[in-house]
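Peer 1: model.cif (mmCIF, C-alpha atoms and all ligand atoms) pasted underneath:
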```
data_start
loop_
_atom_site.label_atom_id
_atom_site.label_comp_id
_atom_site.auth_asym_id
_atom_site.auth_seq_id
_atom_site.Cartn_x
_atom_site.Cartn_y
_atom_site.Cartn_z
CA MET I 1 -7.55 6.99 -35.38
CA PRO I 2 -8.01 3.79 -37.41
CA SER I 3 -10.65 1.52 -35.89
CA SER I 4 -9.39 -1.63 -34.21
CA PRO I 5 -11.10 -4.59 -32.55
CA ALA I 6 -12.62 -3.96 -29.10
CA PRO I 7 -9.79 -4.20 -26.56
CA ILE I 8 -12.03 -5.86 -23.94
CA ARG I 9 -13.91 -8.92 -25.15
CA LEU I 10 -16.48 -10.76 -23.03
CA SER I 11 -17.21 -14.40 -23.78
CA ASP I 12 -20.79 -14.97 -25.00
CA GLU I 13 -21.69 -16.69 -21.75
CA VAL I 14 -20.35 -13.88 -19.58
CA ARG I 15 -21.92 -11.19 -21.75
CA LYS I 16 -25.36 -12.78 -21.53
CA ALA I 17 -25.10 -13.28 -17.79
CA VAL I 18 -24.06 -9.66 -17.22
CA GLU I 19 -26.81 -8.34 -19.50
CA ARG I 20 -29.44 -10.40 -17.69
CA GLY I 21 -28.23 -9.53 -14.22
CA ARG I 22 -27.27 -13.12 -13.46
CA PRO I 23 -24.53 -13.88 -10.93
CA VAL I 24 -20.98 -13.79 -12.30
CA VAL I 25 -17.68 -14.30 -10.44
CA ALA I 26 -14.45 -12.91 -11.89
CA LEU I 27 -11.26 -14.97 -11.39
CA GLU I 28 -7.70 -13.74 -11.88
CA SER I 29 -5.13 -15.57 -13.99
CA THR I 30 -1.82 -14.64 -12.34
CA ILE I 31 -2.47 -17.11 -9.58
CA ILE I 32 -2.70 -19.75 -12.34
CA SER I 33 0.30 -18.69 -14.43
CA HIS I 34 2.68 -17.39 -11.75
CA GLY I 35 1.25 -18.42 -8.37
CA LEU I 36 0.85 -22.20 -8.71
CA PRO I 37 3.18 -24.92 -9.97
CA ARG I 38 2.52 -26.69 -13.31
CA PRO I 39 0.72 -28.97 -14.11
CA ARG I 40 -1.41 -28.59 -10.99
CA ASN I 41 -2.28 -25.05 -12.03
CA LEU I 42 -4.46 -26.13 -14.97
CA GLU I 43 -6.37 -28.60 -12.80
CA VAL I 44 -6.94 -25.83 -10.29
CA ALA I 45 -8.03 -23.32 -12.94
CA ARG I 46 -10.65 -25.79 -14.16
CA GLU I 47 -11.68 -26.75 -10.65
CA LEU I 48 -12.26 -23.12 -9.66
CA GLU I 49 -14.44 -22.47 -12.70
CA ALA I 50 -16.41 -25.64 -11.93
CA ALA I 51 -16.84 -24.54 -8.32
CA VAL I 52 -18.30 -21.20 -9.43
CA ARG I 53 -20.76 -23.06 -11.65
CA ALA I 54 -21.64 -25.48 -8.87
CA GLY I 55 -22.37 -22.41 -6.76
CA GLY I 56 -24.88 -21.17 -9.32
CA ALA I 57 -22.79 -18.42 -10.94
CA VAL I 58 -20.91 -17.95 -14.20
CA PRO I 59 -17.09 -17.93 -13.94
CA ALA I 60 -15.17 -15.21 -15.78
CA THR I 61 -11.46 -15.94 -15.74
CA ILE I 62 -9.62 -12.89 -17.07
CA ALA I 63 -6.37 -12.63 -19.07
CA VAL I 64 -4.93 -10.68 -21.98
CA LEU I 65 -4.32 -12.80 -25.08
CA ASP I 66 -2.69 -11.38 -28.21
CA GLY I 67 -3.54 -7.85 -27.25
CA VAL I 68 -7.18 -8.49 -26.33
CA ALA I 69 -8.39 -8.45 -22.72
CA ARG I 70 -10.60 -11.51 -22.42
CA VAL I 71 -13.29 -11.69 -19.77
CA GLY I 72 -14.34 -15.33 -19.69
CA LEU I 73 -11.95 -17.81 -21.26
CA GLY I 74 -12.70 -20.81 -23.46
CA LYS I 75 -11.15 -24.22 -22.84
CA ASP I 76 -8.13 -23.62 -25.10
CA GLU I 77 -7.54 -20.16 -23.69
CA LEU I 78 -7.54 -21.45 -20.13
CA GLU I 79 -5.01 -24.12 -21.16
CA ARG I 80 -2.84 -21.47 -22.74
CA VAL I 81 -2.86 -19.39 -19.56
CA ALA I 82 -1.81 -22.43 -17.53
CA ASN I 83 0.79 -23.84 -19.94
CA ASP I 84 2.43 -20.91 -21.73
CA GLU I 85 5.51 -20.06 -19.69
CA SER I 86 6.13 -16.93 -21.73
CA LEU I 87 2.97 -15.22 -20.44
CA ARG I 88 3.77 -12.00 -18.64
CA LYS I 89 2.39 -10.87 -15.32
CA LEU I 90 0.17 -7.85 -16.01
CA GLY I 91 -0.84 -5.33 -13.41
CA PHE I 92 -3.29 -2.55 -14.22
CA ARG I 93 -0.62 -0.27 -15.66
CA ASP I 94 0.53 -3.03 -18.04
CA LEU I 95 -2.88 -3.45 -19.70
CA ALA I 96 -2.56 -0.62 -22.20
CA PRO I 97 0.98 -1.55 -23.32
CA ALA I 98 -0.12 -5.19 -23.72
CA VAL I 99 -3.09 -4.12 -25.88
CA ALA I 100 -0.98 -1.66 -27.90
CA LEU I 101 1.72 -4.25 -28.62
CA GLY I 102 -0.56 -7.26 -29.06
CA ALA I 103 1.10 -8.98 -26.09
CA SER I 104 -0.25 -11.72 -23.83
CA GLY I 105 -0.24 -11.98 -20.09
CA ALA I 106 -1.99 -13.11 -16.95
CA THR I 107 -3.76 -10.44 -14.93
CA THR I 108 -3.05 -9.71 -11.26
CA VAL I 109 -5.64 -8.54 -8.78
CA SER I 110 -5.24 -4.92 -9.93
CA ALA I 111 -5.69 -5.65 -13.63
CA THR I 112 -8.44 -8.23 -13.01
CA ALA I 113 -10.42 -5.94 -10.71
CA PHE I 114 -10.29 -3.19 -13.32
CA LEU I 115 -11.33 -5.41 -16.22
CA ALA I 116 -14.05 -7.19 -14.23
CA HIS I 117 -15.56 -3.90 -13.16
CA SER I 118 -15.35 -2.54 -16.72
CA ALA I 119 -17.24 -5.62 -17.86
CA GLY I 120 -20.00 -5.04 -15.31
CA ILE I 121 -19.02 -7.81 -12.88
CA ALA I 122 -19.53 -7.04 -9.18
CA VAL I 123 -17.76 -9.92 -7.43
CA PHE I 124 -14.22 -11.23 -7.77
CA ALA I 125 -12.51 -14.13 -5.96
CA THR I 126 -8.80 -14.68 -5.43
CA GLY I 127 -6.40 -16.18 -2.90
CA GLY I 128 -4.62 -13.40 -1.09
CA LEU I 129 -4.25 -9.76 -2.08
CA GLY I 130 -0.92 -8.11 -2.69
CA GLY I 131 0.09 -5.40 -0.23
CA VAL I 132 2.92 -3.68 1.54
CA HIS I 133 6.10 -5.76 1.53
CA ARG I 134 8.09 -6.23 4.73
CA ASP I 135 11.09 -4.30 3.47
CA TRP I 136 8.93 -1.38 2.43
CA THR I 137 11.02 1.26 4.20
CA THR I 138 14.03 0.49 2.02
CA LEU I 139 12.54 -0.86 -1.22
CA GLN I 140 9.12 0.86 -1.16
CA ASP I 141 7.58 -2.28 -2.64
CA GLU I 142 3.84 -1.98 -2.24
CA SER I 143 1.63 -4.04 -4.55
CA ALA I 144 -0.26 -2.08 -7.18
CA ASP I 145 -3.29 -4.08 -6.00
CA LEU I 146 -3.87 -1.55 -3.22
CA GLY I 147 -3.91 1.56 -5.38
CA LEU I 148 -6.36 -0.03 -7.76
CA LEU I 149 -8.67 -1.27 -4.99
CA ALA I 150 -8.83 2.36 -3.89
CA ARG I 151 -10.37 3.26 -7.25
CA VAL I 152 -12.52 0.36 -8.40
CA PRO I 153 -15.77 -0.47 -6.58
CA ILE I 154 -15.69 -4.25 -6.81
CA THR I 155 -16.20 -6.82 -4.06
CA VAL I 156 -13.09 -8.98 -3.64
CA VAL I 157 -13.36 -12.22 -1.69
CA CYS I 158 -9.93 -13.26 -0.43
CA ALA I 159 -8.17 -14.91 2.50
CA GLY I 160 -6.71 -11.58 3.52
CA VAL I 161 -3.38 -10.45 2.14
CA LYS I 162 -0.47 -12.78 1.54
CA SER I 163 1.31 -13.48 4.82
CA ILE I 164 4.68 -12.91 3.11
CA LEU I 165 3.77 -9.20 3.44
CA ASP I 166 3.78 -6.66 6.24
CA VAL I 167 0.15 -7.30 7.20
CA PRO I 168 -0.27 -4.49 9.77
CA ALA I 169 1.15 -1.96 7.30
CA THR I 170 -1.12 -3.30 4.55
CA LEU I 171 -4.22 -2.99 6.74
CA GLN I 172 -3.16 0.54 7.59
CA ARG I 173 -2.83 1.38 3.90
CA LEU I 174 -6.26 -0.10 3.17
CA GLU I 175 -7.70 2.16 5.87
CA THR I 176 -5.94 5.24 4.49
CA LEU I 177 -7.17 4.39 1.00
CA ASN I 178 -10.75 3.96 2.26
CA VAL I 179 -10.97 0.41 0.95
CA GLY I 180 -13.77 -1.44 2.77
CA VAL I 181 -12.61 -4.39 4.87
CA VAL I 182 -14.87 -6.91 6.58
CA GLY I 183 -14.28 -10.32 8.11
CA TYR I 184 -16.53 -13.15 7.01
CA ARG I 185 -17.56 -15.07 10.13
CA THR I 186 -14.43 -13.82 11.87
CA THR I 187 -13.41 -10.90 14.04
CA GLU I 188 -9.80 -11.23 12.89
CA PHE I 189 -8.31 -10.43 9.51
CA PRO I 190 -7.41 -13.75 7.85
CA GLY I 191 -3.73 -14.63 7.38
CA PHE I 192 -3.84 -16.24 3.90
CA TYR I 193 -2.14 -19.60 4.68
CA LEU I 194 -3.27 -19.13 8.28
CA ARG I 195 -6.77 -18.64 9.68
CA SER I 196 -5.82 -15.43 11.37
CA SER I 197 -3.27 -12.68 10.93
CA GLY I 198 -3.73 -11.87 14.61
CA LEU I 199 -5.11 -8.44 13.70
CA PRO I 200 -8.71 -7.36 14.30
CA VAL I 201 -11.26 -6.26 11.71
CA ASP I 202 -13.85 -3.61 12.54
CA TRP I 203 -16.79 -5.38 10.94
CA THR I 204 -17.92 -8.99 10.84
CA LEU I 205 -20.55 -10.36 8.47
CA ASP I 206 -22.03 -13.82 8.80
CA THR I 207 -24.00 -14.53 5.63
CA PRO I 208 -23.75 -13.91 1.88
CA GLU I 209 -27.01 -11.95 2.17
CA GLN I 210 -25.37 -9.55 4.62
CA VAL I 211 -22.50 -8.99 2.20
CA ALA I 212 -25.04 -8.27 -0.55
CA GLU I 213 -26.85 -5.82 1.79
CA LEU I 214 -23.55 -4.10 2.42
CA MET I 215 -22.89 -3.86 -1.32
CA ARG I 216 -26.33 -2.32 -1.76
CA ALA I 217 -25.79 0.16 1.08
CA ARG I 218 -22.50 1.27 -0.47
CA TRP I 219 -24.34 1.84 -3.74
CA GLN I 220 -27.30 3.62 -2.10
CA LEU I 221 -24.92 5.94 -0.25
CA ASN I 222 -22.86 6.54 -3.37
CA ALA I 223 -20.10 5.20 -1.16
CA ASP I 224 -18.98 2.61 -3.67
CA LEU I 225 -15.93 4.64 -4.57
CA THR I 226 -13.49 1.93 -3.57
CA ALA I 227 -13.38 -1.84 -3.37
CA LEU I 228 -14.89 -3.96 -0.62
CA VAL I 229 -12.52 -6.63 0.69
CA VAL I 230 -14.28 -9.65 2.22
CA GLY I 231 -11.72 -11.53 4.30
CA ASN I 232 -12.67 -15.20 4.37
CA PRO I 233 -10.33 -17.36 6.46
CA VAL I 234 -9.05 -20.76 5.35
CA PRO I 235 -10.78 -23.53 7.34
CA GLU I 236 -8.90 -24.35 10.55
CA ALA I 237 -8.22 -27.96 9.55
CA GLU I 238 -6.67 -26.83 6.26
CA GLN I 239 -4.45 -23.99 7.42
CA LEU I 240 -0.66 -24.29 7.30
CA ASP I 241 0.92 -25.21 10.62
CA PRO I 242 1.68 -21.72 12.05
CA GLU I 243 5.06 -22.78 13.43
CA LEU I 244 6.14 -24.24 10.07
CA HIS I 245 4.80 -21.14 8.33
CA ASP I 246 6.85 -18.73 10.44
CA ARG I 247 10.02 -20.79 10.22
CA VAL I 248 9.99 -21.32 6.44
CA LEU I 249 8.82 -17.78 5.71
CA ALA I 250 11.79 -16.34 7.61
CA LYS I 251 14.11 -18.45 5.44
CA ALA I 252 12.25 -17.46 2.26
CA LEU I 253 12.61 -13.75 3.04
CA ARG I 254 16.36 -14.20 3.65
CA ALA I 255 16.74 -16.17 0.39
CA ALA I 256 14.94 -13.45 -1.58
CA GLU I 257 17.25 -10.84 -0.14
CA ARG I 258 20.41 -12.89 -0.78
CA GLN I 259 19.38 -13.61 -4.36
CA GLY I 260 18.47 -9.98 -5.03
CA ILE I 261 14.87 -10.77 -6.03
CA THR I 262 12.95 -7.53 -6.62
CA GLY I 263 9.82 -6.07 -8.22
CA GLN I 264 7.21 -8.34 -9.77
CA ALA I 265 9.38 -11.40 -9.14
CA VAL I 266 9.17 -11.13 -5.33
CA THR I 267 5.70 -12.60 -4.79
CA PRO I 268 6.09 -15.63 -7.13
CA PHE I 269 9.54 -16.31 -5.63
CA LEU I 270 8.31 -16.32 -2.03
CA LEU I 271 5.21 -18.40 -2.80
CA GLY I 272 7.35 -20.90 -4.73
CA TYR I 273 9.92 -21.08 -1.94
CA LEU I 274 7.20 -21.87 0.60
CA VAL I 275 5.73 -24.63 -1.56
CA LYS I 276 9.14 -26.25 -1.95
CA HIS I 277 10.24 -25.97 1.66
CA THR I 278 6.96 -27.05 3.24
CA ASP I 279 6.77 -30.13 1.00
CA GLY I 280 3.70 -28.72 -0.68
CA ALA I 281 1.80 -28.01 2.54
CA SER I 282 1.65 -24.28 1.75
CA LEU I 283 0.22 -25.12 -1.67
CA GLU I 284 -2.57 -27.14 -0.08
CA ALA I 285 -3.37 -24.31 2.33
CA ASN I 286 -3.30 -21.79 -0.53
CA LEU I 287 -5.68 -23.95 -2.57
CA ALA I 288 -8.01 -24.51 0.38
CA ALA I 289 -8.19 -20.74 0.85
CA VAL I 290 -8.89 -20.08 -2.84
CA ARG I 291 -11.55 -22.81 -2.97
CA GLY I 292 -13.33 -21.34 0.03
CA ASN I 293 -13.18 -17.87 -1.50
CA VAL I 294 -14.57 -19.00 -4.83
CA ALA I 295 -17.46 -20.84 -3.17
CA LEU I 296 -18.29 -17.82 -1.01
CA ALA I 297 -17.98 -15.44 -3.97
CA ALA I 298 -20.56 -17.47 -5.90
CA LYS I 299 -22.99 -17.22 -2.98
CA ILE I 300 -22.39 -13.47 -2.65
CA ALA I 301 -22.87 -13.00 -6.41
CA ARG I 302 -26.20 -14.84 -6.17
CA SER I 303 -27.40 -12.80 -3.21
CA HIS I 304 -26.29 -9.62 -4.93
CA ALA I 305 -28.10 -10.56 -8.15
CA ALA I 306 -31.25 -11.34 -6.15
CA LEU I 307 -31.16 -7.93 -4.43
CA SER I 308 -30.47 -5.80 -7.49
N1 LIG B 401 -3.15 -14.83 -4.65
C1 LIG B 401 -2.62 -16.08 -4.65
N2 LIG B 401 -1.53 -16.30 -5.48
C2 LIG B 401 -1.02 -15.30 -6.30
C3 LIG B 401 -1.59 -14.00 -6.28
C4 LIG B 401 -2.66 -13.83 -5.43
O1 LIG B 401 -3.09 -16.98 -3.92
O2 LIG B 401 -0.07 -15.57 -7.04
C5 LIG B 401 -1.04 -12.89 -7.18
C6 LIG B 401 -2.18 -11.90 -7.48
O3 LIG B 401 -2.29 -11.84 -8.89
C7 LIG B 401 -1.73 -10.60 -6.90
C8 LIG B 401 -0.25 -10.70 -7.10
O4 LIG B 401 -2.32 -9.50 -7.55
O5 LIG B 401 0.01 -12.05 -6.67
C9 LIG B 401 0.49 -9.64 -6.31
O6 LIG B 401 1.77 -9.48 -6.86
P1 LIG B 401 2.67 -8.20 -6.50
O7 LIG B 401 2.99 -8.38 -5.05
O8 LIG B 401 3.88 -8.27 -7.41
O9 LIG B 401 1.81 -7.01 -6.76
MN MN B 402 5.57 -5.72 -5.80
#
```
If you took the structure in this file and wrote it as structure tokens, what would it be?
Ligand code: PSU
Ligand code: MN
Peer 2:
Amino acid sequence: MPSSPAPIRLSDEVRKAVERGRPVVALESTIISHGLPRPRNLEVARELEAAVRAGGAVPATIAVLDGVARVGLGKDELERVANDESLRKLGFRDLAPAVALGASGATTVSATAFLAHSAGIAVFATGGLGGVHRDWTTLQDESADLGLLARVPITVVCAGVKSILDVPATLQRLETLNVGVVGYRTTEFPGFYLRSSGLPVDWTLDTPEQVAELMRARWQLNADLTALVVGNPVPEAEQLDPELHDRVLAKALRAAERQGITGQAVTPFLLGYLVKHTDGASLEANLAAVRGNVALAAKIARSHAALS
């Protein structure tokens, strides 16, 4: 085979931090390119990186640009991810084709978790995970996030799974797949836009140090075969009004069905519909959740770095 440039490239800052065992937090790019409206998305991308730094960790936003998987983006690259409407949405299975064809795209949870782990990063923050869709019995639409989390031992801080999904079915799948699930300062699995999904979690942790202890125990037991999902609820004052949530979501699901939205387009369509029909309130709740997750992830990354 002819030699070609390394397909995964770490920024200098991220490489040094990983080599020295300093805290690093991976951030996905699909939420920026496909999950949030422009131009707010660029502001948010910058804000999240700044929040990781303020929390004492190095941010590593991940995307594939011109066939190279980048772990840690420069200023121009982050702008490109936010502004380039032609960027594709890349799940794990899309990484190799994107590299082979020199394509560009934003990475979802599955692709980001894989690349972050490959780069030696232990902690990853996002908004809400993908999961089992509500019409699963007919369409069999289950996010590729779940299958990847069953294979990659990374800690993912999130506000649960997106409430547009079948949350009980998703929790069941996570159990079957042996993905670790804990609630952070809650006994209930978070509901993304809402503080609670109404479903219980088996384990509750109350400090970043406890999460780091759990990560260490998984490693000591050789039980870090799968991901660890840390469910961190959106603050009560910033959640979406549950009544508004249920009402608009029901309409969004009907609209998606009527318009024949399928596959990768489903999640961005539903999130966009909610933003529009809640006058932006769902966007604020989404952002509040992501901010909280990023701040917690930085603390967990620090505790983890201190323990290892
Ligand atoms: N979290 C958010 N907004 C998003 C996503 C997560 O707050 O847009 C993205 C993630 O990249 C996740 C993807 O992996 O949605 C799931 O898409 P799908 O259901 O097509 O697998
Ligand atoms: Mn899907």
Peer 1: Give as a ChimeraX atom specification each residue that has an atom at most 10 Å from (-11.2, -17.6, 1.2) in the file, counting only C-alpha atoms.
Peer 2: /I:125-128,157-160,184,190,192-193,195,230-235,286-297
Peer 1: Could you tell me how far atom CA of I:Asp166 sits from atom CA of I:Thr107, in Å to one decimal place?
Peer 2: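 Separation between atom CA of I:Thr107 and atom CA of I:Asp166: 22.8 Å.
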Peer 1: Find, counting all atoms listed in the file, the residue in I:Thr267, I:Ser196, I:Gln259, I:Asn178 that gets nearest to ligand LIG 401 (chain B).
Peer 2: I:Thr267
Peer 1: Could you check which of I:Leu271, I:Ala60, I:Met215, I:Val44 is closest to ligand LIG 401 (chain B), using only C-alpha atoms and all ligand atoms?
Peer 2: I:Leu271
Peer 1: Using all atoms listed in the file, which of the listed residues (I:Ala100, I:Ala144, I:Val248, I:Val64) sits closest to ligand MN 402 (chain B)?
Peer 2: I:Ala144
Peer 1: What is the distance between atom CA of I:Glu28 and atom CA of I:Arg216, in Å to one decimal?
Peer 2: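 So the two atoms, atom CA of I:Glu28 and atom CA of I:Arg216, lie 24.1 Å apart.
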Peer 1: Quick one: residues within 9 Å of I:Phe114, all atoms listed in the file, excluding same-chain residues fewer than 3 positions away - as JSON, numbers by chain?
Peer 2: {"I": [92, 109, 110, 111, 117, 118, 119, 148, 149, 151, 152, 154]}
Peer 1: Let me have all residues with an atom within 12 Å of ligand MN 402 (chain B), counting all atoms listed in the file, laid out as a short mmCIF file (atom, residue, chain, number, x, y, z; two decimals) with C-alpha atoms, keeping the file's coordinate frame.
Peer 2:
```cif
data_model
loop_
_atom_site.label_atom_id
_atom_site.label_comp_id
_atom_site.auth_asym_id
_atom_site.auth_seq_id
_atom_site.Cartn_x
_atom_site.Cartn_y
_atom_site.Cartn_z
CA LYS I 89 2.39 -10.87 -15.32
CA LEU I 90 0.17 -7.85 -16.01
CA GLY I 91 -0.84 -5.33 -13.41
CA THR I 108 -3.05 -9.71 -11.26
CA VAL I 109 -5.64 -8.54 -8.78
CA SER I 110 -5.24 -4.92 -9.93
CA LEU I 129 -4.25 -9.76 -2.08
CA GLY I 130 -0.92 -8.11 -2.69
CA GLY I 131 0.09 -5.40 -0.23
CA VAL I 132 2.92 -3.68 1.54
CA HIS I 133 6.10 -5.76 1.53
CA ARG I 134 8.09 -6.23 4.73
CA ASP I 135 11.09 -4.30 3.47
CA TRP I 136 8.93 -1.38 2.43
CA LEU I 139 12.54 -0.86 -1.22
CA GLN I 140 9.12 0.86 -1.16
CA ASP I 141 7.58 -2.28 -2.64
CA GLU I 142 3.84 -1.98 -2.24
CA SER I 143 1.63 -4.04 -4.55
CA ALA I 144 -0.26 -2.08 -7.18
CA ASP I 145 -3.29 -4.08 -6.00
CA LEU I 146 -3.87 -1.55 -3.22
CA GLY I 147 -3.91 1.56 -5.38
CA LYS I 162 -0.47 -12.78 1.54
CA ILE I 164 4.68 -12.91 3.11
CA LEU I 165 3.77 -9.20 3.44
CA ILE I 261 14.87 -10.77 -6.03
CA THR I 262 12.95 -7.53 -6.62
CA GLY I 263 9.82 -6.07 -8.22
CA GLN I 264 7.21 -8.34 -9.77
CA ALA I 265 9.38 -11.40 -9.14
CA VAL I 266 9.17 -11.13 -5.33
CA THR I 267 5.70 -12.60 -4.79
CA PRO I 268 6.09 -15.63 -7.13
CA PHE I 269 9.54 -16.31 -5.63
CA LEU I 270 8.31 -16.32 -2.03
#
```
Peer 1: Could you jot down the atom CA of I:Lys251 to atom CA of I:Arg88 separation for me, Å, one decimal place?
Peer 2: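 Between atom CA of I:Lys251 and atom CA of I:Arg88 the gap works out to 27.0 Å.
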Peer 1: I:Ala45, I:Leu10, I:Leu199, I:Ala54: which is nearest I:Ala69, counting all atoms listed in the file?
Peer 2: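 When distances to I:Ala69 are compared using all atoms listed in the file, the smallest one comes from I:Leu10.
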Peer 1: Select, from I:Val81, I:Leu244, I:Ala106, I:Ala122, the residue with the minimum atom-to-atom distance to ligand LIG 401 (chain B), counting only C-alpha atoms and all ligand atoms.
Peer 2: I:Ala106
Peer 1: Nearest to ligand LIG 401 (chain B) among I:Gln239, I:Ser282, I:Thr186, I:Gln220, with distances taken over only C-alpha atoms and all ligand atoms: which residue is it?
Peer 2: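 Ranked by minimum distance to ligand LIG 401 (chain B), first place goes to I:Ser282.
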Peer 1: Using all atoms listed in the file, which protein or nucleic acid residues come within 6 Å of stretch 95-98 of chain I? Drop anything in the same chain fewer than 4 positions from it, and give the result as a ChimeraX atom specification.
Peer 2: /I:67,102-103
Peer 1: I want to know what sits within 9 Å of I:Arg22, based on only C-alpha atoms, with residues of the same chain fewer than 3 positions away left out; could you give that as a PyMOL selection string?
Peer 2: chain I and resi 16-19+57-58+301-302+305-306
Peer 1: Show which residues sit within 12 Å of I:Val14, as a ChimeraX atom specification. Count all atoms listed in the file, and ignore same-chain residues fewer than 5 positions away.
Peer 2: /I:9,19-26,57-62,70-74,116,119-121
Peer 1: Calculate, to one decimal in Å, the centre and edge lengths of the box along x, y and z of the file that holds all listed atoms of ligand LIG 401 (chain B) with 3 Å of margin on each side, and present them as AutoDock Vina command-line options.
Peer 2:
```
--center_x 0.4 --center_y -12.0 --center_z -6.4 --size_x 13.0 --size_y 16.0 --size_z 11.0
```
Peer 1: Which polymer residues, protein or nucleic acid, are no farther than 6 Å from (-10.9, -6.4, 14.5), counting only C-alpha atoms, as a list in words?
Peer 2: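 Answer for this query, in the requested form: Thr187, Glu188, Pro200, Val201 and Asp202 of chain I.
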Peer 1: Please output stretch 275-290 of chain I, rebuilt to include N, CA and C atoms, as a PDB file, in the frame of the given file.
Peer 2:
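And here is the file that came out, out-v5.pdb:
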```
ATOM      1  N   VAL I 275       6.241 -23.331  -1.081  1.00  0.00           N
ATOM      2  CA  VAL I 275       5.730 -24.630  -1.560  1.00  0.00           C
ATOM      3  C   VAL I 275       6.835 -25.673  -1.448  1.00  0.00           C
ATOM      4  N   LYS I 276       8.025 -25.301  -1.926  1.00  0.00           N
ATOM      5  CA  LYS I 276       9.140 -26.250  -1.950  1.00  0.00           C
ATOM      6  C   LYS I 276       9.571 -26.659  -0.541  1.00  0.00           C
ATOM      7  N   HIS I 277       9.668 -25.688   0.347  1.00  0.00           N
ATOM      8  CA  HIS I 277      10.240 -25.970   1.660  1.00  0.00           C
ATOM      9  C   HIS I 277       9.224 -26.352   2.728  1.00  0.00           C
ATOM     10  N   THR I 278       7.949 -26.456   2.325  1.00  0.00           N
ATOM     11  CA  THR I 278       6.960 -27.050   3.240  1.00  0.00           C
ATOM     12  C   THR I 278       6.471 -28.374   2.665  1.00  0.00           C
ATOM     13  N   ASP I 279       7.189 -28.901   1.672  1.00  0.00           N
ATOM     14  CA  ASP I 279       6.770 -30.130   1.000  1.00  0.00           C
ATOM     15  C   ASP I 279       5.353 -30.034   0.455  1.00  0.00           C
ATOM     16  N   GLY I 280       5.025 -28.878  -0.063  1.00  0.00           N
ATOM     17  CA  GLY I 280       3.700 -28.720  -0.680  1.00  0.00           C
ATOM     18  C   GLY I 280       2.584 -28.354   0.277  1.00  0.00           C
ATOM     19  N   ALA I 281       2.874 -28.317   1.575  1.00  0.00           N
ATOM     20  CA  ALA I 281       1.800 -28.010   2.540  1.00  0.00           C
ATOM     21  C   ALA I 281       1.261 -26.591   2.327  1.00  0.00           C
ATOM     22  N   SER I 282       2.139 -25.663   1.960  1.00  0.00           N
ATOM     23  CA  SER I 282       1.650 -24.280   1.750  1.00  0.00           C
ATOM     24  C   SER I 282       0.754 -24.236   0.519  1.00  0.00           C
ATOM     25  N   LEU I 283       1.056 -25.072  -0.471  1.00  0.00           N
ATOM     26  CA  LEU I 283       0.220 -25.120  -1.670  1.00  0.00           C
ATOM     27  C   LEU I 283      -1.195 -25.598  -1.307  1.00  0.00           C
ATOM     28  N   GLU I 284      -1.255 -26.624  -0.473  1.00  0.00           N
ATOM     29  CA  GLU I 284      -2.570 -27.140  -0.080  1.00  0.00           C
ATOM     30  C   GLU I 284      -3.367 -26.085   0.685  1.00  0.00           C
ATOM     31  N   ALA I 285      -2.687 -25.365   1.569  1.00  0.00           N
ATOM     32  CA  ALA I 285      -3.370 -24.310   2.330  1.00  0.00           C
ATOM     33  C   ALA I 285      -3.834 -23.184   1.400  1.00  0.00           C
ATOM     34  N   ASN I 286      -2.952 -22.818   0.459  1.00  0.00           N
ATOM     35  CA  ASN I 286      -3.300 -21.790  -0.530  1.00  0.00           C
ATOM     36  C   ASN I 286      -4.546 -22.216  -1.314  1.00  0.00           C
ATOM     37  N   LEU I 287      -4.550 -23.461  -1.771  1.00  0.00           N
ATOM     38  CA  LEU I 287      -5.680 -23.950  -2.570  1.00  0.00           C
ATOM     39  C   LEU I 287      -6.951 -24.022  -1.739  1.00  0.00           C
ATOM     40  N   ALA I 288      -6.819 -24.447  -0.486  1.00  0.00           N
ATOM     41  CA  ALA I 288      -8.010 -24.510   0.380  1.00  0.00           C
ATOM     42  C   ALA I 288      -8.601 -23.113   0.546  1.00  0.00           C
ATOM     43  N   ALA I 289      -7.712 -22.124   0.697  1.00  0.00           N
ATOM     44  CA  ALA I 289      -8.190 -20.740   0.850  1.00  0.00           C
ATOM     45  C   ALA I 289      -8.896 -20.294  -0.429  1.00  0.00           C
ATOM     46  N   VAL I 290      -8.280 -20.530  -1.571  1.00  0.00           N
ATOM     47  CA  VAL I 290      -8.890 -20.080  -2.840  1.00  0.00           C
ATOM     48  C   VAL I 290     -10.230 -20.773  -3.064  1.00  0.00           C
TER      49      VAL I 290
END
```
